[in-house]
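Let me begin by presenting the structure, written as C-alpha cells, before commenting on it.
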Amino acid sequence: MTEQPTGHPGPSEETRPGQRIVLVVDLDGEPLTPLRALEEILLCLSTWEDDDRQDPGTDTEPLRLQAPLADRVALAAVQRLVAALAPTQSQGPGRGRLLTPGGRYEHAPMTALTLPAADIELLCATAAALGPPG
C-alpha cells in the first residue's frame with residue numbers, strides 16, 4: 001500500500017463533508033495568472049473598503065461592497081485556492097511521467113486536490129458579483 005500525501009484521499013477514503021475533490025492538470029502555472037489578477041483586484045477593493053471604514057470622506061459615499069466581496073471574504077477564498085493550486089503547477093519532470101500504452105504519448109501531470117466546497121461556492125458568487133469581463 002502506498003501512502004497518500006496529506007489532504008489527498010486514498011482509493012478507499014471518502015471525501016469529508018464540506019470538501020470537494022478536484023483534479024488539477026499541471027499547465028505550467030497558466031491557471032495561476034488569472035487567479036493572481038483576481039487576487040489583486042480583490043485586494044484593491046478590500047483596501048478601499050477598509051480605508052473608507054477607517055476614514056470616511058465627507059464629500060463622497062463610503063465604499064460598501066456586497067457579499068462575498070465585503071470584509072475580504074472573497075479575497076481569503078482566492079488566496080486559499082492560490083496556495084493550494086500553486087504547488088501543483090510547473091513541477092517539472094522529477095515527478096515521473098504517465099505514458100499511454102506503447103509509450104507514444106505522454107499525459108499531462110495531474111494532482112487531486114481536496115478543497116473546501118464553501119470556497120468553490122464563494123468563487124462562483126464572486127464571479128457573479130464582479131460580472132462578465134469588460
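How things are named: the first chain in the C-alpha cells is A, the next is B, and so on; residues count from 1 in each chain; ligands count from 1 in the order shown.
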Using DSSP assignments from the backbone, pull out every residue in chain A that falls under helix (DSSP H, G or I) and give it to me as a VMD selection string. chain A and resid 32 to 54 70 to 88 93 to 95 117 to 130
* Could you name the residues that touch Arg36 of chain A at 12 Å or less, counting only C-alpha atoms, but leaving out those on the same chain fewer than 3 positions away, as a ChimeraX atom specification? -> /A:29-33,39-43,75,78-83,85-86
### Query
Please, what distance in Å, to one decimal, runs between atom CA of Tyr105 of chain A and atom CA of Ile21 of chain A?
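Computed distance, atom CA of Tyr105 of chain A to atom CA of Ile21 of chain A, equals 26.4 Å.
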Checklist entry - For Val22 of chain A, which residue out of A:Leu99, A:Leu113, A:Leu122, A:Ala129 is the nearest one, using only C-alpha atoms? => result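 The answer is A:Leu113, which sits nearest to Val22 of chain A.
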Q | Members of chain A assigned strand (DSSP E or B) by DSSP, as a list in words | A |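 So the strand (DSSP E or B) residues in chain A would be Gln19, Arg20, Ile21, Val22, Leu23, Val24, Val25, Leu98, Leu99, Glu106, His107, Met110, Thr111, Ala112, Leu113, Thr114, Leu115 and Pro116 of chain A.
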